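Q: Below you'll find the structure I mean.
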Amino acid sequence: MEARRTSPRVGARRRVAGALALSLVLAAGPAGAAEKVKLSTFQANLCCFTVYVAQHLKLFEKHGVEVEIVYGTGIQAANIMISGSAEVGAFAIEHGVAVSSKGQDLKLLVVNQQLPPLSLIVRNEVPTPNADKPYPQMVRDLKGLKIGISSAGASTDTVLQYLLREAGLDPKKDVNIVPVGDPGTMLAALKNGVIDGAMAVEPAQTAALHGMKIAKMVVDVEGGGAPLFKEYAYNGMFVRAAFLKDRPQVARGIVAAVVEAEQAINDPGRIDEIMQVGATYMKGLDPALLRAYLDRYRSIFQPVATPAAMENVNKLLLAGNLIAQGVPYDRIVATDFMPRSFSLPKTH
């Protein structure tokens, strides 16, 4: 019968399918009208660049999902989704693990970014006598300084306090931790000397170090400069468990869109497309700095949360007494949806 013939589109999908898990993800194409969802995330923040790419290149739409982005700052992005004001949330995985440990039924679908887009930096004039010593000795140079974070309880705060404890410093006594807001206000506070340094979230780090050249690196967290962050799961897409039961195809569509977005980010041959995304969603960021950032860090945009990576998220939270006990992998990760592998584009 005519209706039973395989369409060229389906045939093409079958030909390009790679690993089994990834092929299942990428096969989640739309079957009808797009399903609408609200997605909470951050604005003009490279930790959510995957979301911007998927939206700008219409990858959500391609896979049957119409996404309305709702922006928040700090832990707001997580709270918007957890409160039910959005069905999907793209935020720090540590927040998802923390609320899951308290009984919330969150499920991690896919990873937007494996390593935190954070680095510990200080103004150029700040003395750093331990700069060339092994980790974590260089962190001891922060004693007595004012260090900026985005907001209390945000990843900038959690990671900063972890690094301070690793270096034997007391976050409450040895350093003055100052909430300064989003990347734009963080950069302004650093430039104007309101703070001595920052747990800088991108693009503040790249702008401060390579654009304005007003700061220097202490710990390149984004580059795996601290052992815990060499294998990690930083930012991802969360839904509630009920969402997976009620709207599984929408969940698969979201995962498929993220995987394709990360393949695009990792493909140097598509840099012009990706730069257009930056121009739209990262207004004010020098295009040359965005290109330099992508050249250095594009490989952290990968979708897979490994058990080891999730265990390291637990370790971070346990170290800060933010959870009483670790959350098992299969409790927080939607294992039927999470990709098991990721193939970089051939032009990488």
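Scheme for the structure tokens: letters A, B, ... for chains in order shown; per-chain residue numbers from 1; ligand numbers from 1 in order shown.
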Step one, run DSSP on the backbone; step two, keep only residues of range 236-336 of chain A assigned to helix (DSSP H, G or I); then write them as an MDAnalysis selection string.
A: chainID A and resid 241:246 248:265 268:281 287:300 307:319 329:332
Q: Would you mind writing down, as a list in words, each residue of range 231-297 of chain A that DSSP on the backbone assigns to strand (DSSP E)?
A: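 Reading the DSSP output for range 231-297 of chain A, strand (DSSP E) covers Asn235, Gly236, Met237, Phe238, Val239 and Arg240 of chain A.
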Q: Nearest to Arg240 in chain A: which of A:Gly181, A:Gly64, A:Gly320, A:Gly103 is it, counting only C-alpha atoms?
A: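 Residue with the minimum atom-to-atom distance to Arg240 in chain A: A:Gly103.
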Q: Excluding range 156-169 of chain A and its own-chain neighbours fewer than 6 positions away, which residues fall within 9 Å of it when counting only C-alpha atoms? Please give them as an NGL selection string.
A: :A and (74 or 116 or 118 or 120 or 135-140 or 142-143 or 147-150 or 175 or 177 or 179 or 198-201 or 219 or 221 or 226 or 316-317 or 319-320)
Q: Only N, CA and C atoms, please: the residues just picked out, written as a compact mmCIF listing (two decimals), in the first residue's frame.
A:
# COMPACT_ATOMS: atom_id res chain seq x y z
N GLY A 74 20.63 33.69 37.96
CA GLY A 74 21.00 32.88 39.11
C GLY A 74 20.15 31.62 39.22
N PRO A 116 31.80 23.58 33.60
CA PRO A 116 31.27 24.90 33.94
C PRO A 116 31.95 26.00 33.13
N LEU A 118 33.07 28.70 33.76
CA LEU A 118 33.52 29.55 34.85
C LEU A 118 35.04 29.52 34.96
N LEU A 120 38.12 31.29 37.74
CA LEU A 120 38.47 32.16 38.85
C LEU A 120 39.54 33.13 38.36
N TYR A 135 47.79 23.12 41.74
CA TYR A 135 46.47 23.27 42.33
C TYR A 135 46.43 22.53 43.67
N PRO A 136 45.80 23.09 44.72
CA PRO A 136 45.03 24.34 44.75
C PRO A 136 45.78 25.51 45.38
N GLN A 137 47.12 25.44 45.40
CA GLN A 137 47.88 26.47 46.11
C GLN A 137 47.62 27.88 45.58
N MET A 138 47.39 28.01 44.27
CA MET A 138 47.16 29.34 43.70
C MET A 138 45.91 30.00 44.25
N VAL A 139 44.96 29.20 44.73
CA VAL A 139 43.70 29.75 45.26
C VAL A 139 43.95 30.49 46.58
N ARG A 140 45.02 30.16 47.26
CA ARG A 140 45.32 30.81 48.54
C ARG A 140 45.60 32.30 48.38
N LEU A 142 43.72 34.34 47.19
CA LEU A 142 42.46 35.07 47.31
C LEU A 142 42.18 35.54 48.74
N LYS A 143 42.97 35.10 49.68
CA LYS A 143 42.68 35.44 51.07
C LYS A 143 42.63 36.95 51.26
N ILE A 147 35.58 38.84 46.19
CA ILE A 147 35.42 38.02 44.98
C ILE A 147 33.95 38.01 44.57
N GLY A 148 33.69 38.38 43.34
CA GLY A 148 32.33 38.46 42.85
C GLY A 148 31.77 37.13 42.39
N ILE A 149 30.47 36.95 42.62
CA ILE A 149 29.70 35.82 42.11
C ILE A 149 28.44 36.40 41.47
N SER A 150 27.68 35.58 40.75
CA SER A 150 26.43 36.09 40.17
C SER A 150 25.39 36.32 41.25
N VAL A 175 37.47 35.19 52.79
CA VAL A 175 37.18 35.90 51.54
C VAL A 175 35.84 36.60 51.68
N ILE A 177 32.75 37.34 49.77
CA ILE A 177 32.04 36.93 48.56
C ILE A 177 30.92 37.94 48.29
N PRO A 179 27.82 39.16 45.72
CA PRO A 179 26.93 38.96 44.57
C PRO A 179 26.90 40.21 43.70
N ALA A 198 36.74 37.52 40.49
CA ALA A 198 35.41 36.95 40.29
C ALA A 198 35.50 35.49 39.93
N MET A 199 34.46 34.75 40.33
CA MET A 199 34.22 33.45 39.73
C MET A 199 33.44 33.79 38.47
N ALA A 200 34.18 34.08 37.42
CA ALA A 200 33.61 34.71 36.23
C ALA A 200 32.88 33.71 35.35
N VAL A 201 31.62 34.01 35.10
CA VAL A 201 30.84 33.20 34.18
C VAL A 201 30.99 33.81 32.79
N VAL A 219 42.29 30.03 38.30
CA VAL A 219 41.97 28.63 38.01
C VAL A 219 41.03 28.60 36.81
N VAL A 221 38.57 26.79 35.47
CA VAL A 221 37.61 25.71 35.73
C VAL A 221 37.06 25.18 34.41
N ALA A 226 40.69 22.33 37.66
CA ALA A 226 40.56 21.70 38.97
C ALA A 226 40.16 20.24 38.74
N LEU A 316 30.70 17.66 44.64
CA LEU A 316 30.70 19.11 44.84
C LEU A 316 29.65 19.51 45.87
N LEU A 317 28.46 18.96 45.74
CA LEU A 317 27.36 19.32 46.64
C LEU A 317 27.60 18.78 48.05
N ALA A 319 30.51 18.30 49.40
CA ALA A 319 31.59 19.09 49.99
C ALA A 319 31.08 20.39 50.59
N GLY A 320 30.02 20.94 50.00
CA GLY A 320 29.46 22.18 50.50
C GLY A 320 28.29 21.99 51.44
Q: Give me the residues within 6 Å of range 45-61 of chain A as a list of chain:residue names, counting only C-alpha atoms and dropping any in the same chain fewer than 4 places off.
A: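 So, after excluding close chain neighbours, the residues are A:Val65, A:Glu66, A:Asn112, A:Pro117, A:Glu202, A:Ala257, A:Ala261.
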Q: Residues near Thr206 in chain A, anyone? I mean within 7 Å using only C-alpha atoms, not counting same-chain ones fewer than 5 positions away, as a ChimeraX atom specification.
A: /A:211,289,293
Q: For N, CA and C atoms, I'd like the residues from the last selection saved as a JSON list (two decimals), in the first residue's frame.
A:
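Here's the written file part-v4.json:
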[["chain", "number", "residue", "atom", "x", "y", "z"],
["A", 211, "GLY", "N", 39.64, 40.54, 26.04],
["A", 211, "GLY", "CA", 39.11, 41.74, 25.42],
["A", 211, "GLY", "C", 39.63, 42.99, 26.09],
["A", 289, "LEU", "N", 35.97, 37.88, 20.17],
["A", 289, "LEU", "CA", 36.09, 37.18, 21.45],
["A", 289, "LEU", "C", 35.24, 35.91, 21.46],
["A", 293, "TYR", "N", 36.61, 32.20, 21.98],
["A", 293, "TYR", "CA", 36.02, 31.33, 23.00],
["A", 293, "TYR", "C", 35.66, 29.97, 22.40]]
Q: Any chance you could tabulate, as JSON lines, the residues of range 41-153 of chain A at most 9 Å from range 228-233 of chain A with each one's nearest atom pair and distance in Å to one decimal, using only C-alpha atoms, in chain and rising number order?
A:
{"residue": "A:Ala92", "atom": "CA", "partner": "A:Ala233", "partner_atom": "CA", "distance": 8.5}
{"residue": "A:Ile93", "atom": "CA", "partner": "A:Ala233", "partner_atom": "CA", "distance": 6.6}
{"residue": "A:Glu94", "atom": "CA", "partner": "A:Ala233", "partner_atom": "CA", "distance": 8.4}
{"residue": "A:Val111", "atom": "CA", "partner": "A:Ala233", "partner_atom": "CA", "distance": 6.7}
{"residue": "A:Asn112", "atom": "CA", "partner": "A:Ala233", "partner_atom": "CA", "distance": 8.6}
{"residue": "A:Gln113", "atom": "CA", "partner": "A:Ala233", "partner_atom": "CA", "distance": 6.9}
{"residue": "A:Gln114", "atom": "CA", "partner": "A:Ala233", "partner_atom": "CA", "distance": 4.4}
{"residue": "A:Leu115", "atom": "CA", "partner": "A:Tyr232", "partner_atom": "CA", "distance": 5.7}
{"residue": "A:Pro116", "atom": "CA", "partner": "A:Phe229", "partner_atom": "CA", "distance": 7.8}
Q: What is the distance, in Å and to one decimal place, between CA of Asn235 in chain A and CA of Phe91 in chain A?
A: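 Atom-to-atom, CA of Asn235 in chain A to CA of Phe91 in chain A, that is 5.3 Å.
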Q: Please build the interface table for range 119-214 of chain A against range 269-283 of chain A with a cut-off of 12 Å, listing for each qualifying residue the nearest atom pair and the distance in Å to one decimal; count only C-alpha atoms, order rows by chain and increasing number, and write it as JSON lines.
A:
{"residue": "A:Pro183", "atom": "CA", "partner": "A:Met282", "partner_atom": "CA", "distance": 10.7}
{"residue": "A:Gly184", "atom": "CA", "partner": "A:Lys283", "partner_atom": "CA", "distance": 10.5}
{"residue": "A:Glu202", "atom": "CA", "partner": "A:Met282", "partner_atom": "CA", "distance": 10.5}
{"residue": "A:Pro203", "atom": "CA", "partner": "A:Met282", "partner_atom": "CA", "distance": 8.6}
{"residue": "A:Ala204", "atom": "CA", "partner": "A:Met282", "partner_atom": "CA", "distance": 11.4}
Q: Compare A:His95, A:Lys146, A:Arg298, A:Arg123 by their minimum atom-to-atom distance to Val218 in chain A, counting only C-alpha atoms, and give me the closest one.
A: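 Of A:His95, A:Lys146, A:Arg298, A:Arg123, the one nearest Val218 in chain A, counting only C-alpha atoms, is A:Arg123.
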Q: Which distance in Å separates CA of Ala305 in chain A and CA of Lys36 in chain A, to one decimal?
A: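 Distance reported for this atom pair: 25.9 Å.
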Q: Could you tell me how far CA of Ala308 in chain A sits from CA of Pro227 in chain A, in Å to one decimal place?
A: 12.6 Å
Q: Please provide as a ChimeraX atom specification all residues within 12 Å of Met212 in chain A, with the sequence filter that same-chain residues fewer than 3 positions apart are discarded (counting only C-alpha atoms).
A: /A:123-124,187-188,190-191,203-209,215-216,285-286,289
Q: Residues of the last selection are to be written out with N, CA, C and O atoms, as a PDB file, in the first residue's frame.
A:
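Dumped everything to again.pdb:
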ATOM      1  N   ARG A 123      41.879  40.845  39.208  1.00  0.00           N
ATOM      2  CA  ARG A 123      42.396  42.012  38.501  1.00  0.00           C
ATOM      3  C   ARG A 123      43.919  41.911  38.360  1.00  0.00           C
ATOM      4  O   ARG A 123      44.597  41.318  39.202  1.00  0.00           O
ATOM      5  N   ASN A 124      44.445  42.500  37.312  1.00  0.00           N
ATOM      6  CA  ASN A 124      45.878  42.386  37.017  1.00  0.00           C
ATOM      7  C   ASN A 124      46.776  42.832  38.165  1.00  0.00           C
ATOM      8  O   ASN A 124      47.852  42.274  38.385  1.00  0.00           O
ATOM      9  N   LEU A 187      31.296  42.076  34.958  1.00  0.00           N
ATOM     10  CA  LEU A 187      32.422  42.671  34.259  1.00  0.00           C
ATOM     11  C   LEU A 187      32.610  44.134  34.666  1.00  0.00           C
ATOM     12  O   LEU A 187      33.731  44.598  34.874  1.00  0.00           O
ATOM     13  N   ALA A 188      31.502  44.848  34.810  1.00  0.00           N
ATOM     14  CA  ALA A 188      31.576  46.252  35.222  1.00  0.00           C
ATOM     15  C   ALA A 188      32.154  46.374  36.625  1.00  0.00           C
ATOM     16  O   ALA A 188      32.966  47.269  36.904  1.00  0.00           O
ATOM     17  N   LEU A 190      34.184  44.344  38.081  1.00  0.00           N
ATOM     18  CA  LEU A 190      35.612  44.026  38.001  1.00  0.00           C
ATOM     19  C   LEU A 190      36.395  45.218  37.423  1.00  0.00           C
ATOM     20  O   LEU A 190      37.432  45.624  37.965  1.00  0.00           O
ATOM     21  N   LYS A 191      35.869  45.793  36.365  1.00  0.00           N
ATOM     22  CA  LYS A 191      36.531  46.928  35.710  1.00  0.00           C
ATOM     23  C   LYS A 191      36.660  48.124  36.645  1.00  0.00           C
ATOM     24  O   LYS A 191      37.696  48.797  36.677  1.00  0.00           O
ATOM     25  N   PRO A 203      30.172  35.338  29.244  1.00  0.00           N
ATOM     26  CA  PRO A 203      31.408  35.757  28.582  1.00  0.00           C
ATOM     27  C   PRO A 203      32.266  36.738  29.382  1.00  0.00           C
ATOM     28  O   PRO A 203      33.174  37.348  28.815  1.00  0.00           O
ATOM     29  N   ALA A 204      31.964  36.919  30.670  1.00  0.00           N
ATOM     30  CA  ALA A 204      32.750  37.864  31.472  1.00  0.00           C
ATOM     31  C   ALA A 204      34.223  37.474  31.516  1.00  0.00           C
ATOM     32  O   ALA A 204      35.100  38.332  31.455  1.00  0.00           O
ATOM     33  N   GLN A 205      34.489  36.175  31.627  1.00  0.00           N
ATOM     34  CA  GLN A 205      35.877  35.721  31.687  1.00  0.00           C
ATOM     35  C   GLN A 205      36.644  36.094  30.423  1.00  0.00           C
ATOM     36  O   GLN A 205      37.707  36.724  30.476  1.00  0.00           O
ATOM     37  N   THR A 206      36.099  35.715  29.264  1.00  0.00           N
ATOM     38  CA  THR A 206      36.781  35.976  28.005  1.00  0.00           C
ATOM     39  C   THR A 206      36.945  37.479  27.768  1.00  0.00           C
ATOM     40  O   THR A 206      37.997  37.940  27.315  1.00  0.00           O
ATOM     41  N   ALA A 207      35.915  38.250  28.098  1.00  0.00           N
ATOM     42  CA  ALA A 207      35.982  39.702  27.909  1.00  0.00           C
ATOM     43  C   ALA A 207      37.038  40.324  28.812  1.00  0.00           C
ATOM     44  O   ALA A 207      37.813  41.188  28.386  1.00  0.00           O
ATOM     45  N   ALA A 208      37.093  39.886  30.071  1.00  0.00           N
ATOM     46  CA  ALA A 208      38.031  40.473  31.030  1.00  0.00           C
ATOM     47  C   ALA A 208      39.476  40.110  30.698  1.00  0.00           C
ATOM     48  O   ALA A 208      40.377  40.949  30.785  1.00  0.00           O
ATOM     49  N   LEU A 209      39.710  38.862  30.304  1.00  0.00           N
ATOM     50  CA  LEU A 209      41.073  38.397  30.059  1.00  0.00           C
ATOM     51  C   LEU A 209      41.593  38.785  28.680  1.00  0.00           C
ATOM     52  O   LEU A 209      42.735  39.234  28.543  1.00  0.00           O
ATOM     53  N   ALA A 215      42.258  41.514  33.668  1.00  0.00           N
ATOM     54  CA  ALA A 215      42.336  40.451  34.678  1.00  0.00           C
ATOM     55  C   ALA A 215      43.258  39.333  34.214  1.00  0.00           C
ATOM     56  O   ALA A 215      43.659  39.263  33.050  1.00  0.00           O
ATOM     57  N   LYS A 216      43.580  38.463  35.163  1.00  0.00           N
ATOM     58  CA  LYS A 216      44.431  37.306  34.881  1.00  0.00           C
ATOM     59  C   LYS A 216      43.807  36.056  35.505  1.00  0.00           C
ATOM     60  O   LYS A 216      43.006  36.139  36.437  1.00  0.00           O
ATOM     61  N   LEU A 285      28.843  41.309  22.951  1.00  0.00           N
ATOM     62  CA  LEU A 285      30.077  40.524  22.981  1.00  0.00           C
ATOM     63  C   LEU A 285      30.814  40.686  21.657  1.00  0.00           C
ATOM     64  O   LEU A 285      30.251  40.459  20.583  1.00  0.00           O
ATOM     65  N   ASP A 286      32.048  41.091  21.729  1.00  0.00           N
ATOM     66  CA  ASP A 286      32.884  41.266  20.546  1.00  0.00           C
ATOM     67  C   ASP A 286      32.928  39.944  19.765  1.00  0.00           C
ATOM     68  O   ASP A 286      33.287  38.904  20.320  1.00  0.00           O
ATOM     69  N   LEU A 289      35.966  37.876  20.171  1.00  0.00           N
ATOM     70  CA  LEU A 289      36.087  37.178  21.451  1.00  0.00           C
ATOM     71  C   LEU A 289      35.240  35.910  21.461  1.00  0.00           C
ATOM     72  O   LEU A 289      35.645  34.884  22.011  1.00  0.00           O
TER      73      LEU A 289
END
Q: Taking only C-alpha atoms into account, which of A:Val110, A:Val126, A:Leu145, A:Ala90 comes nearest Thr306 in chain A?
A: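 Smallest separation from Thr306 in chain A among the options: A:Val110.
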Q: Which one is closest to Glu35 in chain A: A:Arg291, A:Lys245, A:His63, A:Arg296? Count only C-alpha atoms.
A: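 Once distances to Glu35 in chain A are computed over only C-alpha atoms, the minimum belongs to A:His63.
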Q: Using only C-alpha atoms, which of A:Pro303, A:Gly236, A:Pro127, A:Gly253 sits nearest Met217 in chain A?
A: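 Under the stated criterion, the closest residue is A:Pro127.
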Q: Select from range 89-206 of chain A every residue with an atom at most 7 Å from any atom of range 326-346 of chain A, then for each give the shortest pair of atoms and their distance in Å to one decimal, using only C-alpha atoms, rows by chain and rising number, as a tab-separated table.
A:
residue	atom	partner	partner_atom	distance
A:Val97	CA	A:Val327	CA	6.6
A:Ser100	CA	A:Ile332	CA	6.9
A:Ser101	CA	A:Val327	CA	6.0
A:Leu106	CA	A:Ile332	CA	6.5
A:Lys107	CA	A:Ile332	CA	5.1
A:Leu108	CA	A:Val333	CA	4.6
A:Leu109	CA	A:Met338	CA	5.4
A:Val110	CA	A:Met338	CA	5.3
Q: For the residues selected in the previous step, produce a file with C-alpha atoms as a compact mmCIF listing (two decimals), in the first residue's frame.
A:
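Output file out07.txt follows:
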# COMPACT_ATOMS: atom_id res chain seq x y z
CA VAL A 97 20.55 17.17 41.91
CA SER A 100 16.06 15.95 43.69
CA SER A 101 17.81 15.03 46.95
CA LEU A 106 13.25 16.05 38.33
CA LYS A 107 14.82 14.17 35.46
CA LEU A 108 17.87 15.20 33.44
CA LEU A 109 17.21 14.67 29.73
CA VAL A 110 20.44 15.80 28.11
